[in-house]
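Next up, data-v8.txt (compact mmCIF, C-alpha atoms):
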# COMPACT_ATOMS: atom_id res chain seq x y z
CA MET A 1 -20.64 -24.48 22.38
CA GLU A 2 -17.17 -23.44 21.28
CA MET A 3 -17.56 -25.18 17.92
CA VAL A 4 -20.99 -23.61 17.43
CA SER A 5 -19.49 -20.18 18.10
CA TYR A 6 -16.74 -20.91 15.55
CA LEU A 7 -19.33 -21.89 12.93
CA LYS A 8 -21.50 -18.83 13.50
CA SER A 9 -18.60 -16.39 13.38
CA SER A 10 -17.10 -18.08 10.33
CA LEU A 11 -20.45 -18.04 8.52
CA LEU A 12 -20.81 -14.30 9.12
CA ALA A 13 -17.23 -13.76 7.95
CA ALA A 14 -17.94 -15.75 4.76
CA VAL A 15 -21.07 -13.70 4.00
CA TRP A 16 -19.21 -10.45 4.61
CA PHE A 17 -16.28 -11.51 2.43
CA VAL A 18 -18.64 -12.52 -0.40
CA PHE A 19 -20.27 -9.09 -0.16
CA LEU A 20 -16.88 -7.35 -0.38
CA THR A 21 -15.58 -9.38 -3.34
CA PHE A 22 -18.89 -9.56 -5.24
CA PRO A 23 -18.17 -6.70 -7.70
CA LEU A 24 -14.66 -7.98 -8.40
CA LEU A 25 -15.08 -11.75 -8.69
CA VAL A 26 -18.73 -12.25 -9.65
CA VAL A 27 -19.63 -9.36 -11.95
CA LYS A 28 -17.67 -9.11 -15.20
CA VAL A 29 -18.48 -6.42 -17.78
CA ASN A 30 -17.67 -7.34 -21.37
CA THR A 31 -17.11 -3.98 -23.05
CA LEU A 32 -16.76 -5.52 -26.50
CA LYS A 33 -20.20 -7.15 -26.49
CA ASP A 34 -21.82 -4.67 -24.07
CA THR A 35 -22.91 -7.52 -21.81
CA VAL A 36 -22.59 -8.40 -18.15
CA GLU A 37 -21.42 -11.88 -17.16
CA TRP A 38 -22.47 -13.30 -13.78
CA ARG A 39 -19.92 -15.78 -12.45
CA TRP A 40 -21.93 -17.33 -9.61
CA ILE A 41 -19.55 -20.25 -9.22
CA ASN A 42 -16.87 -17.80 -8.08
CA MET A 43 -19.15 -16.60 -5.30
CA LEU A 44 -19.62 -20.18 -4.12
CA TRP A 45 -15.88 -20.84 -4.04
CA VAL A 46 -15.22 -17.57 -2.22
CA ALA A 47 -17.86 -18.41 0.41
CA ILE A 48 -16.45 -21.90 1.01
CA ALA A 49 -12.84 -20.71 1.15
CA ALA A 50 -13.67 -17.79 3.48
CA PHE A 51 -15.70 -20.09 5.77
CA LEU A 52 -12.93 -22.69 6.08
CA LEU A 53 -10.16 -20.11 6.44
CA SER A 54 -12.12 -18.30 9.15
CA ILE A 55 -12.43 -21.50 11.17
CA VAL A 56 -8.72 -22.24 10.83
CA TRP A 57 -7.89 -18.61 11.62
CA ARG A 58 -9.92 -18.53 14.84
CA TRP A 59 -8.53 -21.87 15.96
CA ALA A 60 -4.97 -20.74 15.30
CA MET A 61 -5.43 -17.41 17.09
CA GLU A 62 -6.95 -19.12 20.13
CA ARG A 63 -4.17 -21.68 20.21
CA ARG A 64 -1.60 -18.90 19.98
CA GLU A 65 -3.22 -17.04 22.85
CA ARG A 66 -3.31 -20.16 25.00
CA GLY A 67 0.34 -20.81 24.25
CA ALA A 68 1.28 -17.28 25.25
CA ASN A 69 -0.66 -17.52 28.51
CA SER A 70 0.77 -20.93 29.47
CA LYS A 71 4.37 -20.12 28.60
CA GLU A 72 6.70 -20.41 31.57
CA VAL A 73 9.79 -18.33 32.14
CA LEU A 74 12.91 -20.49 31.83
CA ALA A 75 15.70 -20.29 34.37
CA ALA A 76 18.79 -18.30 33.41
CA ASP A 77 21.04 -21.37 33.30
CA THR A 78 18.64 -23.54 31.30
CA VAL A 79 20.07 -24.59 27.94
CA THR A 80 17.42 -25.00 25.23
CA ARG A 81 18.02 -27.09 22.15
CA PRO A 82 17.96 -24.90 19.05
CA GLY A 83 15.41 -25.63 16.35
CA LEU A 84 16.15 -27.23 13.00
CA GLY A 85 16.18 -23.88 11.21
CA GLN A 86 18.71 -22.36 13.60
CA ARG A 87 20.92 -25.47 13.51
CA LEU A 88 20.77 -25.44 9.71
CA LEU A 89 22.06 -21.86 9.69
CA GLU A 90 24.74 -22.31 12.34
CA ASP A 91 26.03 -25.88 11.89
CA PRO A 92 28.46 -26.18 8.93
CA LYS A 93 27.87 -29.94 8.77
CA LEU A 94 24.23 -29.28 7.90
CA ASN A 95 24.36 -26.11 5.83
CA ARG A 96 27.37 -26.88 3.63
CA PRO A 97 25.71 -29.81 1.77
CA VAL A 98 22.59 -27.66 1.26
CA ILE A 99 24.68 -24.77 -0.08
CA GLY A 100 26.53 -27.17 -2.39
CA VAL A 101 23.32 -28.59 -3.86
CA VAL A 102 21.82 -25.11 -4.34
CA ALA A 103 25.02 -23.87 -6.01
CA LEU A 104 25.10 -26.86 -8.37
CA LEU A 105 21.46 -26.37 -9.38
CA ALA A 106 22.06 -22.64 -9.91
CA LEU A 107 25.06 -23.30 -12.18
CA LEU A 108 23.21 -25.89 -14.26
CA MET A 109 19.95 -23.98 -14.58
CA PRO A 110 20.67 -22.15 -17.91
CA TRP A 111 21.57 -25.46 -19.58
CA VAL A 112 18.49 -27.42 -18.50
CA SER A 113 15.74 -24.79 -18.86
CA GLU A 114 14.35 -22.42 -21.45
CA MET A 115 15.75 -18.95 -21.99
CA TYR A 116 12.50 -17.44 -20.68
CA GLN A 117 13.17 -19.07 -17.32
CA VAL A 118 16.74 -17.76 -17.30
CA THR A 119 15.45 -14.23 -17.92
CA ILE A 120 13.01 -14.54 -15.02
CA TRP A 121 15.82 -15.66 -12.74
CA VAL A 122 18.04 -12.76 -13.84
CA PHE A 123 15.44 -10.26 -12.65
CA ALA A 124 14.80 -12.32 -9.50
CA LEU A 125 18.51 -12.16 -8.64
CA ILE A 126 18.49 -8.41 -9.28
CA TYR A 127 15.76 -8.13 -6.66
CA VAL A 128 17.80 -10.31 -4.30
CA VAL A 129 20.69 -7.82 -4.43
CA LEU A 130 18.23 -4.92 -4.03
CA GLY A 131 16.76 -6.60 -0.95
CA LEU A 132 20.19 -7.21 0.56
CA GLY A 133 21.16 -3.59 -0.07
CA LEU A 134 18.00 -2.27 1.57
CA ASN A 135 18.56 -4.75 4.40
CA ILE A 136 21.65 -2.73 5.35
CA THR A 137 19.65 0.48 5.66
CA VAL A 138 16.41 -0.88 7.10
CA GLY A 139 17.26 -4.25 8.62
CA LEU A 140 20.60 -3.46 10.24
CA ALA A 141 20.50 0.30 10.83
CA GLY A 142 16.72 0.56 11.33
CA LEU A 143 16.36 3.55 8.97
CA LEU A 144 13.07 3.26 7.11
CA ASP A 145 13.59 4.07 3.42
CA LEU A 146 10.57 4.27 1.10
CA GLY A 147 12.52 5.90 -1.72
CA TYR A 148 15.07 3.15 -2.32
CA VAL A 149 14.01 2.91 -5.96
CA ALA A 150 15.63 6.32 -6.56
CA PHE A 151 19.13 4.84 -6.08
CA PHE A 152 18.23 1.97 -8.40
CA GLY A 153 17.16 4.48 -11.04
CA VAL A 154 20.30 6.56 -10.57
CA GLY A 155 22.48 3.56 -11.37
CA ALA A 156 20.39 2.59 -14.40
CA TYR A 157 20.33 6.11 -15.86
CA SER A 158 24.04 6.57 -15.17
CA TYR A 159 24.90 3.62 -17.38
CA ALA A 160 22.29 4.49 -20.00
CA ILE A 161 23.62 8.05 -20.40
CA LEU A 162 27.31 7.18 -20.25
CA ASN A 163 26.90 4.33 -22.71
CA THR A 164 24.57 5.87 -25.32
CA ARG A 165 26.08 9.36 -25.33
CA PHE A 166 29.72 8.86 -24.39
CA GLY A 167 30.28 5.27 -25.50
CA LEU A 168 31.62 4.03 -22.17
CA ASP A 169 31.79 0.28 -21.67
CA PHE A 170 29.63 -1.70 -19.23
CA TRP A 171 32.55 -2.69 -17.00
CA ILE A 172 33.64 0.92 -16.63
CA CYS A 173 30.12 2.08 -15.83
CA LEU A 174 29.41 -0.72 -13.31
CA PRO A 175 31.49 0.76 -10.44
CA ILE A 176 30.53 4.28 -11.54
CA GLY A 177 26.84 3.44 -11.12
CA GLY A 178 27.47 2.11 -7.63
CA LEU A 179 29.52 5.14 -6.62
CA VAL A 180 26.94 7.57 -8.01
CA GLY A 181 24.24 5.71 -6.05
CA ALA A 182 26.32 5.94 -2.87
CA LEU A 183 26.90 9.67 -3.46
CA VAL A 184 23.17 10.28 -3.87
CA GLY A 185 22.60 8.25 -0.70
CA VAL A 186 24.94 10.54 1.23
CA ILE A 187 23.25 13.62 -0.25
CA LEU A 188 19.87 12.26 0.90
CA GLY A 189 21.22 11.32 4.31
CA PHE A 190 22.57 14.74 5.30
CA PRO A 191 19.23 16.60 5.61
CA ILE A 192 17.44 13.75 7.41
CA LEU A 193 20.00 12.78 10.04
CA ARG A 194 17.75 13.81 12.92
CA LEU A 195 14.50 12.41 11.53
CA ARG A 196 12.97 9.20 12.82
CA GLY A 197 9.84 7.13 12.41
CA ASP A 198 7.01 8.48 10.26
CA TYR A 199 8.89 11.68 9.42
CA LEU A 200 11.79 9.71 7.98
CA ALA A 201 9.39 7.55 5.95
CA ILE A 202 7.63 10.62 4.51
CA VAL A 203 10.89 12.33 3.49
CA THR A 204 12.33 9.22 1.80
CA LEU A 205 9.00 8.64 0.05
CA GLY A 206 9.10 12.20 -1.23
CA PHE A 207 12.67 11.74 -2.42
CA GLY A 208 11.67 8.71 -4.49
CA SER A 209 8.78 10.65 -6.04
CA ILE A 210 11.04 13.64 -6.81
CA ALA A 211 13.54 11.37 -8.58
CA LYS A 212 10.83 9.98 -10.86
CA ILE A 213 9.52 13.47 -11.65
CA VAL A 214 13.06 14.59 -12.56
CA TYR A 215 13.43 11.61 -14.91
CA GLU A 216 10.14 12.50 -16.60
CA ASN A 217 10.66 16.25 -17.01
CA TRP A 218 14.40 16.76 -17.57
CA GLU A 219 14.34 15.73 -21.19
CA GLY A 220 17.73 17.18 -22.03
CA VAL A 221 19.44 14.63 -19.77
CA PHE A 222 17.02 11.74 -19.17
CA ASN A 223 15.00 11.99 -22.41
CA GLY A 224 11.75 12.43 -20.48
CA SER A 225 8.97 9.85 -20.55
CA ARG A 226 10.34 8.40 -23.81
CA GLY A 227 13.23 6.90 -21.91
CA ILE A 228 16.60 5.80 -23.25
CA GLU A 229 16.92 2.93 -25.71
CA LYS A 230 19.65 0.95 -27.46
CA ILE A 231 21.64 0.45 -24.26
CA ALA A 232 24.52 -1.96 -24.81
CA ARG A 233 24.48 -5.36 -23.16
CA PRO A 234 27.49 -6.43 -21.10
CA GLY A 235 30.40 -7.82 -23.11
CA PHE A 236 33.17 -10.26 -22.27
CA PHE A 237 36.64 -9.35 -23.60
CA GLY A 238 35.10 -7.96 -26.76
CA ILE A 239 33.30 -11.19 -27.70
CA GLU A 240 30.11 -10.59 -29.69
CA MET A 241 27.15 -12.35 -28.07
CA GLY A 242 23.56 -12.82 -29.15
CA ILE A 243 20.55 -12.24 -26.92
CA ASP A 244 20.51 -15.78 -25.50
CA ALA A 245 24.25 -15.85 -24.82
CA SER A 246 24.13 -12.37 -23.30
CA THR A 247 21.24 -13.34 -21.03
CA THR A 248 23.12 -16.44 -19.87
CA PHE A 249 26.22 -14.33 -19.23
CA THR A 250 24.16 -11.81 -17.25
CA TYR A 251 22.67 -14.68 -15.22
CA TYR A 252 26.11 -15.90 -14.14
CA LEU A 253 27.15 -12.30 -13.50
CA MET A 254 24.17 -11.89 -11.17
CA LEU A 255 25.03 -15.13 -9.39
CA LEU A 256 28.50 -13.74 -8.68
CA MET A 257 26.95 -10.44 -7.62
CA VAL A 258 24.62 -12.21 -5.16
CA VAL A 259 27.48 -14.23 -3.65
CA PHE A 260 29.66 -11.11 -3.40
CA THR A 261 26.83 -9.11 -1.80
CA ILE A 262 26.13 -11.85 0.75
CA PHE A 263 29.83 -12.05 1.63
CA VAL A 264 30.25 -8.29 2.04
CA THR A 265 26.98 -7.87 3.94
CA ASN A 266 27.84 -10.70 6.31
CA ARG A 267 31.27 -9.20 6.97
CA LEU A 268 29.77 -5.77 7.53
CA LYS A 269 27.22 -7.25 9.92
CA ASP A 270 29.97 -8.62 12.17
CA SER A 271 32.22 -5.58 11.86
CA ARG A 272 32.46 -2.55 14.10
CA ILE A 273 30.26 -0.44 11.83
CA GLY A 274 27.71 -3.27 11.66
CA ARG A 275 27.45 -3.41 15.45
CA ALA A 276 27.05 0.36 15.46
CA TRP A 277 24.16 0.02 12.96
CA MET A 278 22.41 -2.56 15.13
CA ALA A 279 22.93 -0.47 18.25
CA LEU A 280 21.45 2.51 16.42
CA ARG A 281 18.48 0.40 15.39
CA GLU A 282 17.77 -0.76 18.93
CA ASP A 283 18.09 2.57 20.76
CA GLU A 284 19.46 5.69 19.10
CA ILE A 285 19.71 7.71 22.31
CA ALA A 286 21.64 5.01 24.15
CA CYS A 287 23.82 4.45 21.08
CA VAL A 288 24.82 8.12 20.94
CA ALA A 289 25.34 8.19 24.71
CA MET A 290 27.84 5.32 24.37
CA GLY A 291 29.96 7.44 22.01
CA VAL A 292 28.83 6.20 18.60
CA ASP A 293 28.95 8.90 15.91
CA MET A 294 25.32 9.09 14.78
CA ALA A 295 25.99 11.11 11.61
CA GLN A 296 28.77 8.85 10.37
CA THR A 297 26.81 5.69 11.19
CA LYS A 298 23.64 6.81 9.41
CA LEU A 299 25.44 8.18 6.38
CA SER A 300 27.43 4.97 5.97
CA ALA A 301 24.18 2.95 6.09
CA TYR A 302 22.56 5.11 3.43
CA ALA A 303 25.68 5.13 1.25
CA LEU A 304 26.33 1.38 1.36
CA GLY A 305 22.66 0.51 0.83
CA ALA A 306 22.48 2.86 -2.14
CA PHE A 307 25.75 1.50 -3.54
CA TRP A 308 24.25 -1.94 -4.19
CA ALA A 309 21.13 -0.38 -5.72
CA GLY A 310 23.32 1.61 -8.11
CA LEU A 311 25.30 -1.49 -9.10
CA VAL A 312 22.26 -3.61 -9.98
CA GLY A 313 20.69 -0.58 -11.66
CA VAL A 314 23.52 -0.73 -14.21
CA ILE A 315 22.91 -4.47 -14.74
CA PHE A 316 19.15 -3.88 -15.04
CA ALA A 317 19.65 -1.25 -17.76
CA SER A 318 22.05 -3.52 -19.67
CA GLN A 319 19.65 -6.46 -19.50
CA THR A 320 16.54 -4.58 -20.64
CA THR A 321 18.45 -2.30 -23.11
CA TYR A 322 15.68 0.27 -22.54
CA ILE A 323 14.63 2.21 -19.47
CA ASN A 324 12.03 4.88 -18.77
CA PRO A 325 10.70 6.57 -15.61
CA ALA A 326 7.86 4.03 -15.31
CA SER A 327 10.47 1.39 -14.39
CA PHE A 328 11.25 3.22 -11.14
CA ASP A 329 7.93 3.91 -9.43
CA PHE A 330 7.00 3.62 -5.75
CA MET A 331 5.71 0.03 -6.08
CA LEU A 332 9.26 -1.16 -6.64
CA SER A 333 10.35 0.36 -3.31
CA ALA A 334 7.33 -1.22 -1.60
CA ILE A 335 8.14 -4.66 -3.01
CA VAL A 336 11.80 -4.47 -1.98
CA LEU A 337 10.79 -3.31 1.51
CA SER A 338 8.33 -6.24 1.69
CA MET A 339 11.24 -8.60 0.99
CA VAL A 340 13.17 -7.23 3.96
CA VAL A 341 10.17 -7.37 6.29
CA LEU A 342 8.99 -10.83 5.22
CA GLY A 343 12.48 -12.28 5.17
CA GLY A 344 13.38 -10.93 8.59
CA MET A 345 14.92 -7.61 9.57
CA GLY A 346 18.68 -8.02 9.38
CA SER A 347 18.52 -11.65 8.23
CA ILE A 348 20.55 -12.28 5.07
CA VAL A 349 19.16 -15.76 4.35
CA GLY A 350 15.61 -14.60 5.02
CA VAL A 351 15.87 -11.67 2.61
CA VAL A 352 17.24 -13.94 -0.13
CA ILE A 353 14.38 -16.42 0.31
CA ALA A 354 11.73 -13.69 0.47
CA ALA A 355 13.11 -11.97 -2.65
CA LEU A 356 12.99 -15.20 -4.64
CA VAL A 357 9.51 -16.08 -3.41
CA LEU A 358 7.98 -12.65 -4.06
CA ASN A 359 9.45 -12.46 -7.58
CA LEU A 360 9.19 -16.04 -8.82
CA LEU A 361 5.75 -17.00 -7.51
CA PRO A 362 3.85 -14.28 -9.47
CA GLU A 363 5.52 -15.53 -12.67
CA TYR A 364 4.74 -19.18 -11.99
CA LEU A 365 1.17 -18.44 -10.86
CA ARG A 366 0.04 -16.57 -13.96
CA ALA A 367 -2.86 -19.04 -14.26
CA PHE A 368 -4.29 -17.33 -11.15
CA GLU A 369 -3.59 -13.82 -12.38
CA ASP A 370 -6.90 -12.44 -11.10
CA TYR A 371 -6.17 -13.59 -7.56
CA ARG A 372 -2.42 -13.05 -7.22
CA MET A 373 -2.65 -9.76 -5.33
CA LEU A 374 -5.39 -11.19 -3.11
CA VAL A 375 -3.15 -14.09 -2.15
CA PHE A 376 -0.20 -11.75 -1.70
CA GLY A 377 -2.17 -9.55 0.72
CA ALA A 378 -3.40 -12.58 2.68
CA VAL A 379 0.15 -13.92 3.01
CA MET A 380 1.38 -10.55 4.27
CA VAL A 381 -1.35 -10.42 6.91
CA LEU A 382 -0.68 -13.99 8.06
CA MET A 383 3.05 -13.36 8.27
CA MET A 384 2.63 -10.22 10.37
CA LEU A 385 0.28 -12.04 12.76
CA PHE A 386 1.95 -15.41 13.19
CA ARG A 387 5.60 -14.69 12.38
CA PRO A 388 6.30 -10.97 12.73
CA GLN A 389 10.04 -11.62 12.97
CA GLY A 390 10.06 -12.83 9.33
CA LEU A 391 10.70 -16.13 7.57
CA VAL A 392 14.19 -16.47 9.05
CA ALA A 393 14.61 -14.50 12.24
CA ASN A 394 17.91 -12.77 12.78
CA VAL A 395 19.76 -14.80 15.42
CA ARG A 396 21.44 -12.50 17.91
CA ARG A 397 24.73 -13.36 19.48
CA THR A 398 24.57 -14.15 23.19
CA TYR A 399 27.39 -13.70 25.67
CA ALA A 400 27.35 -15.72 28.89
CA HIS A 401 29.18 -14.37 31.92
CA PRO A 402 31.10 -17.10 33.81
CA LYS A 403 29.71 -18.15 37.18
CA ALA A 404 31.44 -17.15 40.39
CA GLY A 405 33.07 -20.56 40.88
CA GLU A 406 34.34 -20.78 37.30
CA GLU A 407 35.63 -17.19 37.44
CA GLY A 408 37.59 -17.96 40.60
CA ALA A 409 39.03 -21.14 39.09
CA HIS A 410 40.21 -19.27 35.98
CA GLY A 411 41.57 -16.48 38.11
Could I get this file's structure written as structure tokens?
Amino acid sequence: MEMVSYLKSSLLAAVWFVFLTFPLLVVKVNTLKDTVEWRWINMLWVAIAAFLLSIVWRWAMERRERGANSKEVLAADTVTRPGLGQRLLEDPKLNRPVIGVVALLALLMPWVSEMYQVTIWVFALIYVVLGLGLNITVGLAGLLDLGYVAFFGVGAYSYAILNTRFGLDFWICLPIGGLVGALVGVILGFPILRLRGDYLAIVTLGFGSIAKIVYENWEGVFNGSRGIEKIARPGFFGIEMGIDASTTFTYYLMLLMVVFTIFVTNRLKDSRIGRAWMALREDEIACVAMGVDMAQTKLSAYALGAFWAGLVGVIFASQTTYINPASFDFMLSAIVLSMVVLGGMGSIVGVVIAALVLNLLPEYLRAFEDYRMLVFGAVMVLMMLFRPQGLVANVRRTYAHPKAGEEGAHG
């Protein structure tokens, strides 16, 4: 009877899904020939896929529910063996060989692949740094930011203006872009110190929209919707480089930037300010009651998160040599936020993996261009249902109090 119920429910789900996707996947209007093409084979594949996925979905949900109901509470002194993923992150004997292999492949990649692939990886690494920067604000401090793209745009426009109009070099503008981004982050943070939840999301979303409108309408500074072109690529001790050599140089620069960002973020996470961020994320009222300065903690989270966005904004402008307001729309903030959520709030390794997956898979799945967003939405739903903590959950430190006998022996 249970299998029959599965089949009936899955059949209804398949029919309903075919009805919803019929105008998109079956009907195709050819405007050049003024004809309508009926792709009935697509409807068949959608029905079969929806039917099978529905069966697997219902089985998985029921299994998950049974597991939750049958789960027993472990005793306080029971020691559980950590999983392979946790041991891989914590045991140097396991993770160091993996890191070495990944580093070797990353260093050799420009010499064994086409320049198109190198360019894709440059932008993927830019998104990795963006995700790690937003992970400070959202993952560690728990401050939802839907206008993160504004800081990215500030860094890019800072370099574009200073380079094209004042002739400043890339290496001079790189720290300037980061500092300008941090300054804008502090300016944004001051008015919203007491906002939380949906109100904070709405204000940051509005800030991102305002930044784009300023780029489009302040033509005297940002050149309006035409954007800024002929931005200089990064140089190396005055050496003239072509497009391929400059792209390879930018790739290695982004590798160093990713390593530096991971190092700094990891150190911040274990520092005093990092613990204050995590305490603020868990319970703001209790955090303030324990004596943590809420204003300083929030402003530092906004400033440091925006600093990394400003830095990579400079590199983004130098790589593309042309920027316009369309490069900094809300979808970019949504994608970067998706990296943090899918990777795991506060997890550095998870954000790196999620950033690479969300940016490389769409490029390598161009053959399925019509279905990429459908697959992306399905993956997001599955992740939120079966692994809401993200790909790599943030492992919290645990502190065990010594037992009475051990305490007396040490005393």
Could you list, as a tab-separated table (two decimals) with C-alpha atoms, keeping the file's coordinate frame, every residue within 6 Å of range 249-261 of chain A, counting all atoms listed in the file and ignoring same-chain residues fewer than 3 positions away?
chain	number	residue	atom	x	y	z
A	122	VAL	CA	18.04	-12.76	-13.84
A	129	VAL	CA	20.69	-7.82	-4.43
A	246	SER	CA	24.13	-12.37	-23.30
A	264	VAL	CA	30.25	-8.29	2.04
A	265	THR	CA	26.98	-7.87	3.94
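Every protein or nucleic acid residue with an atom no more than 10 Å from Asp145 in chain A, counting all atoms listed in the file and leaving out same-chain residues fewer than 4 positions away, appears here: Leu134, Thr137, Val138, Val149, Leu200, Ala201, Ile202, Val203, Thr204, Leu205, Phe207, Gly208, Tyr302, Ser333, Ala334 and Leu337 of chain A.
The nearest approach to Gly344 in chain A among the residues A:Pro191, A:Gly131, A:Gly310, A:Gly197, with all atoms listed in the file taken into account, belongs to A:Gly131.
CA of Leu107 in chain A sits 24.6 Å away from CA of Arg267 in chain A.
Omitting Ala317 in chain A and its sequence neighbours fewer than 5 positions away, and counting only C-alpha atoms, the residues within 9 Å are Gly155, Ala156, Tyr157, Tyr159, Ala160, Ile231, Ala232, Arg233, Val312, Tyr322 and Ile323 of chain A.
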Exercise. Using all atoms listed in the file, which residues sit within 10 Å of Trp171 in chain A once same-chain residues fewer than 4 positions away are excluded, as a ChimeraX atom specification?
Worked result: /A:159,175-176,234-236,314
Selected residues, C-alpha atoms, written as a JSON list (two decimals), in the coordinates of the input, please.
[["chain", "number", "residue", "atom", "x", "y", "z"],
["A", 159, "TYR", "CA", 24.90, 3.62, -17.38],
["A", 175, "PRO", "CA", 31.49, 0.76, -10.44],
["A", 176, "ILE", "CA", 30.53, 4.28, -11.54],
["A", 234, "PRO", "CA", 27.49, -6.43, -21.10],
["A", 235, "GLY", "CA", 30.40, -7.82, -23.11],
["A", 236, "PHE", "CA", 33.17, -10.26, -22.27],
["A", 314, "VAL", "CA", 23.52, -0.73, -14.21]]
Exercise. Got a sec: who's within 8 Å of range 43-52 of chain A, counting all atoms listed in the file, leaving out chain neighbours fewer than 6 positions off, as a PyMOL selection string?
Worked result: chain A and resi 10-11+13-15+17-18+22+25-26
Kindly export the residues of the current selection with C-alpha atoms, as a PDB file, keeping the file's coordinate frame.
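As a result, selection04.pdb now contains:
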ATOM      1  CA  SER A  10     -17.100 -18.080  10.330  1.00  0.00           C
ATOM      2  CA  LEU A  11     -20.450 -18.040   8.520  1.00  0.00           C
ATOM      3  CA  ALA A  13     -17.230 -13.760   7.950  1.00  0.00           C
ATOM      4  CA  ALA A  14     -17.940 -15.750   4.760  1.00  0.00           C
ATOM      5  CA  VAL A  15     -21.070 -13.700   4.000  1.00  0.00           C
ATOM      6  CA  PHE A  17     -16.280 -11.510   2.430  1.00  0.00           C
ATOM      7  CA  VAL A  18     -18.640 -12.520  -0.400  1.00  0.00           C
ATOM      8  CA  PHE A  22     -18.890  -9.560  -5.240  1.00  0.00           C
ATOM      9  CA  LEU A  25     -15.080 -11.750  -8.690  1.00  0.00           C
ATOM     10  CA  VAL A  26     -18.730 -12.250  -9.650  1.00  0.00           C
TER      11      VAL A  26
END
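In this comparison, which uses all atoms listed in the file, the residue of A:Lys230, A:Glu219, A:Trp38, A:Leu179 approaching Gly167 in chain A most closely is A:Lys230.
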For this session: Go through A:Arg165, A:Gln117, A:Arg194, A:Leu130 one by one, measure the shortest atom-to-atom distance of each to Tyr364 in chain A using all atoms listed in the file, and give the residue with the smallest value.
Result: A:Gln117
Problem set entry | Å distance separating CA of Ile273 in chain A from CA of Leu391 in chain A, one decimal place | 25.4 Å
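Between CA of Leu125 in chain A and CA of Asn266 in chain A lies a distance of 17.7 Å.
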Problem set entry | Which of A:Met339, A:Leu140, A:Leu299, A:Ile192 sits closest to Ala279 in chain A [using only C-alpha atoms] | A:Leu140
Exercise. Closest to Cys287 in chain A among A:Gln389, A:Leu342, A:Ala141, A:Ile126, using only C-alpha atoms?
Worked result: A:Ala141
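Of the listed residues A:Gly177, A:Gly227, A:Gly305, A:Pro325, the one whose atoms come nearest to Ile213 in chain A is A:Pro325, with distances taken using all atoms listed in the file.
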